[in-house]
$ cat final_0.cif   # mmCIF, C-alpha atoms; chains and numbers go by the auth columns
data_start
#
loop_
_atom_site.group_PDB
_atom_site.id
_atom_site.type_symbol
_atom_site.label_atom_id
_atom_site.label_comp_id
_atom_site.label_asym_id
_atom_site.label_seq_id
_atom_site.Cartn_x
_atom_site.Cartn_y
_atom_site.Cartn_z
_atom_site.B_iso_or_equiv
_atom_site.auth_seq_id
_atom_site.auth_asym_id
ATOM 1 C CA MET A 1 43.107 -47.525 6.756 0.00 27 R
ATOM 2 C CA THR A 2 43.642 -43.781 6.337 0.00 28 R
ATOM 3 C CA HIS A 3 41.648 -41.621 8.763 0.00 29 R
ATOM 4 C CA VAL A 4 40.367 -38.453 7.061 0.00 30 R
ATOM 5 C CA LEU A 5 38.887 -35.517 8.962 0.00 31 R
ATOM 6 C CA LEU A 6 36.505 -33.691 6.609 0.00 32 R
ATOM 7 C CA VAL A 7 35.720 -30.165 7.825 0.00 33 R
ATOM 8 C CA GLU A 8 32.754 -29.053 5.708 0.00 34 R
ATOM 9 C CA ASP A 9 29.598 -27.200 6.773 0.00 35 R
ATOM 10 C CA ASP A 10 27.615 -27.885 3.588 0.00 36 R
ATOM 11 C CA PRO A 11 25.891 -31.252 4.232 0.00 37 R
ATOM 12 C CA VAL A 12 25.434 -31.948 0.513 0.00 38 R
ATOM 13 C CA VAL A 13 29.125 -31.417 -0.293 0.00 39 R
ATOM 14 C CA ALA A 14 30.140 -33.355 2.832 0.00 40 R
ATOM 15 C CA GLU A 15 27.939 -36.284 1.814 0.00 41 R
ATOM 16 C CA ILE A 16 29.348 -36.365 -1.730 0.00 42 R
ATOM 17 C CA ILE A 17 32.969 -36.359 -0.541 0.00 43 R
ATOM 18 C CA TYR A 18 32.197 -38.834 2.234 0.00 44 R
ATOM 19 C CA GLY A 19 30.441 -41.194 -0.154 0.00 45 R
ATOM 20 C CA TYR A 20 33.230 -41.131 -2.712 0.00 46 R
ATOM 21 C CA LEU A 21 36.019 -41.731 -0.192 0.00 47 R
ATOM 22 C CA HIS A 22 33.999 -44.346 1.692 0.00 48 R
ATOM 23 C CA ASP A 23 33.387 -46.302 -1.523 0.00 49 R
ATOM 24 C CA LEU A 24 37.126 -46.527 -2.143 0.00 50 R
ATOM 25 C CA GLU A 25 37.301 -48.726 0.985 0.00 51 R
ATOM 26 C CA GLU A 26 40.667 -47.334 2.041 0.00 52 R
ATOM 27 C CA TYR A 27 39.495 -44.332 4.042 0.00 53 R
ATOM 28 C CA LYS A 28 37.753 -43.842 7.345 0.00 54 R
ATOM 29 C CA VAL A 29 36.037 -40.448 7.136 0.00 55 R
ATOM 30 C CA THR A 30 34.957 -38.346 10.118 0.00 56 R
ATOM 31 C CA ILE A 31 32.905 -35.225 9.349 0.00 57 R
ATOM 32 C CA ALA A 32 33.001 -31.949 11.299 0.00 58 R
ATOM 33 C CA GLY A 33 30.493 -29.265 10.352 0.00 59 R
ATOM 34 C CA ASP A 34 32.212 -26.436 12.222 0.00 60 R
ATOM 35 C CA ALA A 35 35.558 -25.415 13.698 0.00 61 R
ATOM 36 C CA GLU A 36 34.660 -26.244 17.285 0.00 62 R
ATOM 37 C CA THR A 37 33.811 -29.842 16.382 0.00 63 R
ATOM 38 C CA ALA A 38 36.932 -30.136 14.234 0.00 64 R
ATOM 39 C CA LEU A 39 39.177 -29.024 17.079 0.00 65 R
ATOM 40 C CA ALA A 40 37.587 -31.549 19.417 0.00 66 R
ATOM 41 C CA LEU A 41 38.108 -34.330 16.879 0.00 67 R
ATOM 42 C CA CYS A 42 41.792 -33.463 16.514 0.00 68 R
ATOM 43 C CA ASN A 43 42.382 -35.526 19.634 0.00 69 R
ATOM 44 C CA LEU A 44 41.711 -38.601 17.474 0.00 70 R
ATOM 45 C CA SER A 45 44.259 -40.298 15.265 0.00 71 R
ATOM 46 C CA ILE A 46 43.922 -38.217 12.096 0.00 72 R
ATOM 47 C CA ASP A 47 46.082 -38.906 9.019 0.00 73 R
ATOM 48 C CA ILE A 48 44.928 -36.021 6.798 0.00 74 R
ATOM 49 C CA ILE A 49 42.468 -33.123 7.016 0.00 75 R
ATOM 50 C CA LEU A 50 40.253 -31.820 4.196 0.00 76 R
ATOM 51 C CA MET A 51 39.119 -28.331 5.134 0.00 77 R
ATOM 52 C CA ASP A 52 36.754 -25.760 3.686 0.00 78 R
ATOM 53 C CA ILE A 53 37.619 -22.071 4.041 0.00 79 R
ATOM 54 C CA MET A 54 34.136 -20.781 4.836 0.00 80 R
ATOM 55 C CA LEU A 55 32.874 -22.252 8.116 0.00 81 R
ATOM 56 C CA PRO A 56 30.045 -20.954 10.329 0.00 82 R
ATOM 57 C CA ASP A 57 32.049 -20.227 13.480 0.00 83 R
ATOM 58 C CA LEU A 58 35.647 -19.651 12.339 0.00 84 R
ATOM 59 C CA ASP A 59 37.285 -19.362 8.956 0.00 85 R
ATOM 60 C CA GLY A 60 39.291 -22.349 7.794 0.00 86 R
ATOM 61 C CA VAL A 61 42.623 -20.520 7.733 0.00 87 R
ATOM 62 C CA SER A 62 42.324 -19.531 11.404 0.00 88 R
ATOM 63 C CA LEU A 63 41.234 -23.071 12.200 0.00 89 R
ATOM 64 C CA CYS A 64 44.295 -24.387 10.373 0.00 90 R
ATOM 65 C CA GLU A 65 46.539 -22.322 12.650 0.00 91 R
ATOM 66 C CA LYS A 66 44.842 -23.761 15.739 0.00 92 R
ATOM 67 C CA ILE A 67 45.072 -27.321 14.442 0.00 93 R
ATOM 68 C CA ARG A 68 48.767 -26.875 13.712 0.00 94 R
ATOM 69 C CA GLU A 69 49.258 -26.455 17.478 0.00 95 R
ATOM 70 C CA LYS A 70 47.985 -30.025 17.908 0.00 96 R
ATOM 71 C CA LEU A 71 48.720 -31.968 14.726 0.00 97 R
ATOM 72 C CA VAL A 72 51.366 -32.104 12.000 0.00 98 R
ATOM 73 C CA CYS A 73 49.339 -34.162 9.513 0.00 99 R
ATOM 74 C CA PRO A 74 48.724 -32.789 5.993 0.00 100 R
ATOM 75 C CA ILE A 75 45.962 -30.188 5.663 0.00 101 R
ATOM 76 C CA LEU A 76 44.378 -29.956 2.225 0.00 102 R
ATOM 77 C CA PHE A 77 42.105 -26.941 1.704 0.00 103 R
ATOM 78 C CA VAL A 78 39.033 -27.761 -0.392 0.00 104 R
ATOM 79 C CA SER A 79 37.255 -24.528 -1.261 0.00 105 R
ATOM 80 C CA CYS A 80 35.187 -22.768 -3.906 0.00 106 R
ATOM 81 C CA ILE A 81 37.315 -19.638 -3.379 0.00 107 R
ATOM 82 C CA ASP A 82 39.584 -19.394 -6.422 0.00 108 R
ATOM 83 C CA ASP A 83 41.517 -16.310 -5.363 0.00 109 R
ATOM 84 C CA SER A 84 45.307 -16.145 -5.342 0.00 110 R
ATOM 85 C CA ASN A 85 45.480 -14.041 -2.173 0.00 111 R
ATOM 86 C CA THR A 86 43.290 -16.523 -0.311 0.00 112 R
ATOM 87 C CA ILE A 87 45.375 -19.455 -1.529 0.00 113 R
ATOM 88 C CA ILE A 88 48.606 -17.710 -0.513 0.00 114 R
ATOM 89 C CA HIS A 89 47.195 -16.886 2.929 0.00 115 R
ATOM 90 C CA ALA A 90 45.923 -20.438 3.460 0.00 116 R
ATOM 91 C CA LEU A 91 49.256 -22.031 2.612 0.00 117 R
ATOM 92 C CA GLU A 92 51.227 -19.462 4.596 0.00 118 R
ATOM 93 C CA LYS A 93 49.215 -20.352 7.711 0.00 119 R
ATOM 94 C CA GLY A 94 50.001 -24.052 7.611 0.00 120 R
ATOM 95 C CA GLY A 95 48.118 -25.606 4.695 0.00 121 R
ATOM 96 C CA ASP A 96 49.951 -28.155 2.574 0.00 122 R
ATOM 97 C CA ASP A 97 47.796 -28.092 -0.546 0.00 123 R
ATOM 98 C CA TYR A 98 44.742 -26.365 -2.033 0.00 124 R
ATOM 99 C CA ILE A 99 42.114 -27.661 -4.418 0.00 125 R
ATOM 100 C CA VAL A 100 39.312 -25.540 -5.888 0.00 126 R
ATOM 101 C CA LYS A 101 35.703 -26.738 -6.095 0.00 127 R
ATOM 102 C CA PRO A 102 34.264 -28.117 -8.257 0.00 128 R
ATOM 103 C CA PHE A 103 36.726 -30.903 -9.005 0.00 129 R
ATOM 104 C CA GLU A 104 36.740 -34.460 -10.256 0.00 130 R
ATOM 105 C CA PRO A 105 36.650 -36.939 -7.365 0.00 131 R
ATOM 106 C CA GLN A 106 39.630 -38.771 -8.824 0.00 132 R
ATOM 107 C CA ILE A 107 41.698 -35.601 -8.528 0.00 133 R
ATOM 108 C CA LEU A 108 40.821 -35.283 -4.841 0.00 134 R
ATOM 109 C CA HIS A 109 41.885 -38.900 -4.302 0.00 135 R
ATOM 110 C CA ALA A 110 45.143 -38.281 -6.157 0.00 136 R
ATOM 111 C CA ARG A 111 45.883 -35.145 -4.130 0.00 137 R
ATOM 112 C CA ILE A 112 45.212 -36.991 -0.858 0.00 138 R
ATOM 113 C CA GLN A 113 47.536 -39.796 -1.883 0.00 139 R
ATOM 114 C CA ALA A 114 50.200 -37.300 -2.992 0.00 140 R
ATOM 115 C CA ASN A 115 50.229 -35.573 0.384 0.00 141 R
ATOM 116 C CA LEU A 116 50.246 -38.854 2.304 0.00 142 R
ATOM 117 C CA ARG A 117 53.090 -40.143 0.159 0.00 143 R
ATOM 118 C CA ARG A 118 55.011 -36.938 0.773 0.00 144 R
ATOM 119 C CA VAL A 119 54.680 -37.490 4.540 0.00 145 R
ATOM 120 C CA ARG A 120 56.068 -41.010 4.186 0.00 146 R
ATOM 121 C CA ILE A 121 58.982 -39.671 2.155 0.00 147 R
ATOM 122 C CA ASP A 122 59.643 -37.004 4.784 0.00 148 R
ATOM 123 C CA GLN A 123 59.653 -39.578 7.552 0.00 149 R
ATOM 124 C CA GLY A 124 61.918 -41.957 5.692 0.00 150 R
ATOM 125 C CA GLN A 125 64.341 -39.771 3.782 0.00 151 R
ATOM 126 C CA ILE A 126 64.920 -36.396 5.474 0.00 152 R
ATOM 127 C CA GLN A 127 68.108 -36.960 7.383 0.00 153 R
ATOM 128 C CA ALA A 128 68.642 -35.727 10.909 0.00 154 R
ATOM 129 C CA GLN A 129 71.912 -33.911 10.188 0.00 155 R
ATOM 130 C CA ARG A 130 72.131 -30.369 8.919 0.00 156 R
ATOM 131 C CA LEU A 131 72.077 -29.773 5.169 0.00 157 R
ATOM 132 C CA SER A 132 74.257 -26.989 3.788 0.00 158 R
ATOM 133 C CA ALA A 133 74.610 -25.223 0.458 0.00 159 R
ATOM 134 C CA GLY A 134 76.562 -21.996 0.100 0.00 160 R
ATOM 135 C CA ARG A 135 75.733 -19.719 3.009 0.00 161 R
ATOM 136 C CA TYR A 136 72.496 -21.547 3.692 0.00 162 R
ATOM 137 C CA SER A 137 71.952 -24.437 6.079 0.00 163 R
ATOM 138 C CA ILE A 138 68.883 -26.170 7.442 0.00 164 R
ATOM 139 C CA ASP A 139 68.360 -28.207 10.577 0.00 165 R
ATOM 140 C CA PRO A 140 65.590 -30.724 9.741 0.00 166 R
ATOM 141 C CA ASP A 141 64.981 -31.694 13.370 0.00 167 R
ATOM 142 C CA ALA A 142 64.440 -28.094 14.486 0.00 168 R
ATOM 143 C CA LYS A 143 62.893 -27.056 11.123 0.00 169 R
ATOM 144 C CA LYS A 144 65.183 -24.052 10.996 0.00 170 R
ATOM 145 C CA LEU A 145 66.838 -22.237 8.107 0.00 171 R
ATOM 146 C CA ASP A 146 70.071 -20.339 8.732 0.00 172 R
ATOM 147 C CA THR A 147 70.864 -17.824 5.975 0.00 173 R
ATOM 148 C CA GLY A 148 74.122 -16.707 7.541 0.00 174 R
ATOM 149 C CA ILE A 149 72.343 -13.510 8.556 0.00 175 R
ATOM 150 C CA ARG A 150 69.132 -14.657 10.204 0.00 176 R
ATOM 151 C CA GLN A 151 67.351 -17.815 11.257 0.00 177 R
ATOM 152 C CA TYR A 152 63.822 -18.685 10.149 0.00 178 R
ATOM 153 C CA SER A 153 61.359 -21.380 11.091 0.00 179 R
ATOM 154 C CA LEU A 154 60.239 -23.589 8.212 0.00 180 R
ATOM 155 C CA SER A 155 56.877 -25.216 7.671 0.00 181 R
ATOM 156 C CA ASN A 156 56.857 -28.932 6.885 0.00 182 R
ATOM 157 C CA MET A 157 56.405 -28.232 3.197 0.00 183 R
ATOM 158 C CA GLU A 158 59.029 -25.477 3.081 0.00 184 R
ATOM 159 C CA LEU A 159 61.474 -27.886 4.728 0.00 185 R
ATOM 160 C CA ARG A 160 60.672 -30.558 2.164 0.00 186 R
ATOM 161 C CA ILE A 161 61.026 -28.248 -0.853 0.00 187 R
ATOM 162 C CA LEU A 162 64.207 -26.559 0.351 0.00 188 R
ATOM 163 C CA SER A 163 65.776 -29.920 1.237 0.00 189 R
ATOM 164 C CA PHE A 164 65.042 -31.065 -2.315 0.00 190 R
ATOM 165 C CA PHE A 165 66.624 -27.939 -3.812 0.00 191 R
ATOM 166 C CA MET A 166 69.683 -28.295 -1.577 0.00 192 R
ATOM 167 C CA GLU A 167 70.099 -31.864 -2.777 0.00 193 R
ATOM 168 C CA HIS A 168 69.811 -30.678 -6.414 0.00 194 R
ATOM 169 C CA PRO A 169 71.610 -27.299 -6.628 0.00 195 R
ATOM 170 C CA ASN A 170 71.864 -25.541 -9.986 0.00 196 R
ATOM 171 C CA GLN A 171 69.284 -27.859 -11.562 0.00 197 R
ATOM 172 C CA TYR A 172 66.102 -26.613 -13.220 0.00 198 R
ATOM 173 C CA PHE A 173 62.617 -27.833 -12.319 0.00 199 R
ATOM 174 C CA THR A 174 59.275 -26.628 -13.645 0.00 200 R
ATOM 175 C CA SER A 175 56.341 -26.170 -11.264 0.00 201 R
ATOM 176 C CA ALA A 176 54.785 -29.392 -12.549 0.00 202 R
ATOM 177 C CA GLU A 177 58.046 -31.290 -12.036 0.00 203 R
ATOM 178 C CA LEU A 178 58.403 -29.948 -8.506 0.00 204 R
ATOM 179 C CA TYR A 179 54.855 -30.970 -7.636 0.00 205 R
ATOM 180 C CA ARG A 180 55.441 -34.460 -8.971 0.00 206 R
ATOM 181 C CA LYS A 181 58.748 -34.851 -7.147 0.00 207 R
ATOM 182 C CA ILE A 182 57.691 -33.295 -3.829 0.00 208 R
ATOM 183 C CA TRP A 183 54.094 -34.497 -3.566 0.00 209 R
ATOM 184 C CA GLY A 184 54.662 -37.706 -5.505 0.00 210 R
ATOM 185 C CA LYS A 185 51.780 -37.295 -7.970 0.00 211 R
ATOM 186 C CA PRO A 186 50.980 -35.182 -11.059 0.00 212 R
ATOM 187 C CA SER A 187 49.619 -31.692 -10.367 0.00 213 R
ATOM 188 C CA TYR A 188 46.770 -32.106 -12.877 0.00 214 R
ATOM 189 C CA GLY A 189 47.475 -28.629 -14.189 0.00 215 R
ATOM 190 C CA ASP A 190 47.084 -26.669 -10.929 0.00 216 R
ATOM 191 C CA THR A 191 50.539 -25.702 -9.673 0.00 217 R
ATOM 192 C CA ARG A 192 49.611 -22.645 -7.612 0.00 218 R
ATOM 193 C CA THR A 193 50.458 -24.564 -4.454 0.00 219 R
ATOM 194 C CA VAL A 194 54.065 -24.751 -5.661 0.00 220 R
ATOM 195 C CA LEU A 195 54.113 -21.047 -6.563 0.00 221 R
ATOM 196 C CA VAL A 196 52.942 -20.042 -3.091 0.00 222 R
ATOM 197 C CA HIS A 197 55.533 -22.160 -1.296 0.00 223 R
ATOM 198 C CA ILE A 198 58.280 -20.775 -3.559 0.00 224 R
ATOM 199 C CA HIS A 199 57.061 -17.260 -2.747 0.00 225 R
ATOM 200 C CA ASN A 200 57.231 -17.995 0.990 0.00 226 R
ATOM 201 C CA LEU A 201 60.696 -19.540 0.724 0.00 227 R
ATOM 202 C CA ARG A 202 62.007 -16.518 -1.156 0.00 228 R
ATOM 203 C CA ASN A 203 60.902 -14.273 1.709 0.00 229 R
ATOM 204 C CA LYS A 204 63.304 -16.235 3.912 0.00 230 R
ATOM 205 C CA LEU A 205 66.130 -17.026 1.495 0.00 231 R
ATOM 206 C CA GLU A 206 66.543 -13.757 -0.353 0.00 232 R
ATOM 207 C CA ASP A 207 68.046 -10.458 0.755 0.00 233 R
ATOM 208 C CA ASP A 208 65.581 -8.843 -1.655 0.00 234 R
ATOM 209 C CA PRO A 209 62.680 -11.213 -2.425 0.00 235 R
ATOM 210 C CA SER A 210 61.514 -8.956 -5.272 0.00 236 R
ATOM 211 C CA ARG A 211 64.821 -9.666 -7.031 0.00 237 R
ATOM 212 C CA PRO A 212 65.575 -13.298 -6.158 0.00 238 R
ATOM 213 C CA GLN A 213 69.119 -14.540 -6.621 0.00 239 R
ATOM 214 C CA ALA A 214 69.280 -17.837 -4.723 0.00 240 R
ATOM 215 C CA LEU A 215 65.933 -19.269 -5.853 0.00 241 R
ATOM 216 C CA ARG A 216 65.320 -17.956 -9.342 0.00 242 R
ATOM 217 C CA SER A 217 62.771 -18.632 -12.085 0.00 243 R
ATOM 218 C CA VAL A 218 64.170 -18.850 -15.595 0.00 244 R
ATOM 219 C CA PRO A 219 61.640 -18.667 -18.461 0.00 245 R
ATOM 220 C CA GLY A 220 61.495 -21.909 -20.403 0.00 246 R
ATOM 221 C CA LYS A 221 63.538 -23.809 -17.814 0.00 247 R
ATOM 222 C CA GLY A 222 61.871 -23.492 -14.418 0.00 248 R
ATOM 223 C CA TYR A 223 63.119 -22.851 -10.901 0.00 249 R
ATOM 224 C CA VAL A 224 66.757 -23.195 -9.940 0.00 250 R
ATOM 225 C CA PHE A 225 68.460 -22.986 -6.550 0.00 251 R
ATOM 226 C CA SER A 226 71.890 -21.331 -6.903 0.00 252 R
ATOM 227 C CA PRO A 227 73.235 -21.010 -3.341 0.00 253 R
ATOM 228 C CA GLU A 228 76.515 -19.432 -4.426 0.00 254 R
ATOM 229 C CA ASP A 229 74.866 -16.466 -6.228 0.00 255 R
#
$ encode --input "final_0.cif" --output "structure tokens"
Amino acid sequence: MTHVLLVEDDPVVAEIIYGYLHDLEEYKVTIAGDAETALALCNLSIDIILMDIMLPDLDGVSLCEKIREKLVCPILFVSCIDDSNTIIHALEKGGDDYIVKPFEPQILHARIQANLRRVRIDQGQIQAQRLSAGRYSIDPDAKKLDTGIRQYSLSNMELRILSFFMEHPNQYFTSAELYRKIWGKPSYGDTRTVLVHIHNLRNKLEDDPSRPQALRSVPGKGYVFSPED
């Protein structure tokens, strides 16, 4: 059974999400109404965290950073804030995915399963040896990117996406295709999570992120990783 930590201060919203997941009979759900309680519960065996942004004692993004010091499980932000800057900030600070309220319960279930499946893929398929393409190389064990000029730490999701691109150089993938291949489920139309992770990767891959050469976007085709450019 999958253990979900639901960090939500609104008791009505918490009850709705709890009830839906509980009825599926495949989740054990523990609720935390504030950041302090959530941090204490992180000592338990947690498989995935659903986290609101607006909490009474600490914002969800700051809480995410603190949790990342303890756990590596997927963190899915569930928030009414539909602002690109907030989404970018949340994913930069350790979030794996972001879903905007209100949403259909089935979409939440699908997103949870996508992130859990992605973890299983990571554990089973990311090889321990270094991956190289052009001047770039990554060390999956250390979660490090070497650009030939500098080294950067990679988040779990950045490691997963860049590993995929390195295994498929010079091939085009739309945002929806990337979400399906990396997370293992359809995006249901919201691909901003992919856009943010691409943005973050470009800041590490590119000499000039405003004019990307290695990880480009081609209208009508999608994203392509060209390590020799």
$ atom_distance --input "final_0.cif" --atom1 "atom CA of R:Ser88" --atom2 "atom CA of R:Asn111"
15.0 Å
$ residues_near_point --input "final_0.cif" --point "(53.0, -18.0, 4.0)" --cutoff "8 Å" --atoms "all atoms listed in the file" --output "list in words"
Ile114, His115, Ala116, Leu117, Glu118, Lys119, Gly120, Val222, His223, His225 and Asn226 of chain R
$ axis_aligned_box --input "final_0.cif" --around "stretch 171-175 of chain R" --padding-each-side "8 Å" --output "AutoDock Vina command-line options"
--center_x 70.5 --center_y -17.9 --center_z 7.4 --size_x 23.3 --size_y 24.7 --size_z 18.8
$ residues_around --input "final_0.cif" --residues "stretch 38-45 of chain R" --least-positions-apart "4" --cutoff "7 Å" --atoms "only C-alpha atoms" --output "MDAnalysis selection string"
chainID R and resid 34 49 55
$ write_last_selection --input "final_0.cif" --atoms "C-alpha atoms" --output "CSV table (one decimal), keeping the file's coordinate frame"
chain,number,residue,atom,x,y,z
R,34,GLU,CA,32.8,-29.1,5.7
R,49,ASP,CA,33.4,-46.3,-1.5
R,55,VAL,CA,36.0,-40.4,7.1
$ resolve_selection --input "final_0.cif" --expression "the PyMOL selection byres ((chain R and resi 201) around 12)" --output "PyMOL selection string"
chain R and resi 187+198-200+202-209+212-224+243-250
$ write_last_selection --input "final_0.cif" --atoms "C-alpha atoms" --output "short mmCIF file (atom, residue, chain, number, x, y, z; two decimals), in the frame of the given file"
data_model
loop_
_atom_site.label_atom_id
_atom_site.label_comp_id
_atom_site.auth_asym_id
_atom_site.auth_seq_id
_atom_site.Cartn_x
_atom_site.Cartn_y
_atom_site.Cartn_z
CA ILE R 187 61.03 -28.25 -0.85
CA TYR R 198 66.10 -26.61 -13.22
CA PHE R 199 62.62 -27.83 -12.32
CA THR R 200 59.28 -26.63 -13.64
CA ALA R 202 54.78 -29.39 -12.55
CA GLU R 203 58.05 -31.29 -12.04
CA LEU R 204 58.40 -29.95 -8.51
CA TYR R 205 54.86 -30.97 -7.64
CA ARG R 206 55.44 -34.46 -8.97
CA LYS R 207 58.75 -34.85 -7.15
CA ILE R 208 57.69 -33.30 -3.83
CA TRP R 209 54.09 -34.50 -3.57
CA PRO R 212 50.98 -35.18 -11.06
CA SER R 213 49.62 -31.69 -10.37
CA TYR R 214 46.77 -32.11 -12.88
CA GLY R 215 47.48 -28.63 -14.19
CA ASP R 216 47.08 -26.67 -10.93
CA THR R 217 50.54 -25.70 -9.67
CA ARG R 218 49.61 -22.64 -7.61
CA THR R 219 50.46 -24.56 -4.45
CA VAL R 220 54.06 -24.75 -5.66
CA LEU R 221 54.11 -21.05 -6.56
CA VAL R 222 52.94 -20.04 -3.09
CA HIS R 223 55.53 -22.16 -1.30
CA ILE R 224 58.28 -20.78 -3.56
CA SER R 243 62.77 -18.63 -12.08
CA VAL R 244 64.17 -18.85 -15.60
CA PRO R 245 61.64 -18.67 -18.46
CA GLY R 246 61.50 -21.91 -20.40
CA LYS R 247 63.54 -23.81 -17.81
CA GLY R 248 61.87 -23.49 -14.42
CA TYR R 249 63.12 -22.85 -10.90
CA VAL R 250 66.76 -23.20 -9.94
#
$ closest_residue --input "final_0.cif" --among "R:Leu134, R:Val104, R:Val87, R:Ala240" --to "R:Gly160" --atoms "all atoms listed in the file"
R:Ala240
$ resolve_selection --input "final_0.cif" --expression "the PyMOL selection byres ((chain R and resi 125) around 7)" --output "PyMOL selection string"
chain R and resi 103-105+123-124+126-127
$ write_last_selection --input "final_0.cif" --atoms "C-alpha atoms" --output "compact mmCIF listing (two decimals), keeping the file's coordinate frame"
# COMPACT_ATOMS: atom_id res chain seq x y z
CA PHE R 103 42.10 -26.94 1.70
CA VAL R 104 39.03 -27.76 -0.39
CA SER R 105 37.26 -24.53 -1.26
CA ASP R 123 47.80 -28.09 -0.55
CA TYR R 124 44.74 -26.36 -2.03
CA VAL R 126 39.31 -25.54 -5.89
CA LYS R 127 35.70 -26.74 -6.10
$ atom_distance --input "final_0.cif" --atom1 "atom CA of R:Ala66" --atom2 "atom CA of R:Leu50"
26.3 Å
$ resolve_selection --input "final_0.cif" --expression "the PyMOL selection byres ((chain R and resi 169) around 10)" --output "list in words"
Ile164, Asp165, Pro166, Asp167, Ala168, Lys170, Leu171, Tyr178, Ser179, Leu180, Ser181, Asn182, Glu184, Leu185 and Arg186 of chain R
$ atom_distance --input "final_0.cif" --atom1 "atom CA of R:Ile57" --atom2 "atom CA of R:Met183"
25.3 Å
$ closest_residue --input "final_0.cif" --among "R:Pro253, R:Ser236, R:Thr112, R:Val145" --to "R:Met192" --atoms "all atoms listed in the file"
R:Pro253
$ closest_residue --input "final_0.cif" --among "R:Ile79, R:Ser158, R:Lys54, R:Glu130" --to "R:Asp108" --atoms "only C-alpha atoms"
R:Ile79
$ residues_around --input "final_0.cif" --residues "R:Met77" --least-positions-apart "3" --cutoff "10 Å" --atoms "all atoms listed in the file" --output "number ranges by chain"
R: 31-35, 58, 61, 64, 74, 80-81, 85-87, 89-90, 101-105, 121, 124
$ closest_residue --input "final_0.cif" --among "R:Pro195, R:Arg161, R:Asp73, R:Arg237" --to "R:Leu142" --atoms "only C-alpha atoms"
R:Asp73
$ closest_residue --input "final_0.cif" --among "R:Asp122, R:Asp109, R:Glu52, R:Glu232" --to "R:Val30" --atoms "all atoms listed in the file"
R:Glu52
$ closest_residue --input "final_0.cif" --among "R:Arg228, R:His48, R:Arg156, R:Lys92" --to "R:His135" --atoms "all atoms listed in the file"
R:His48
$ residues_around --input "final_0.cif" --residues "R:Tyr162" --least-positions-apart "3" --cutoff "6 Å" --atoms "all atoms listed in the file" --output "list in words"
Ser158, Ala159, Asp172 and Thr173 of chain R
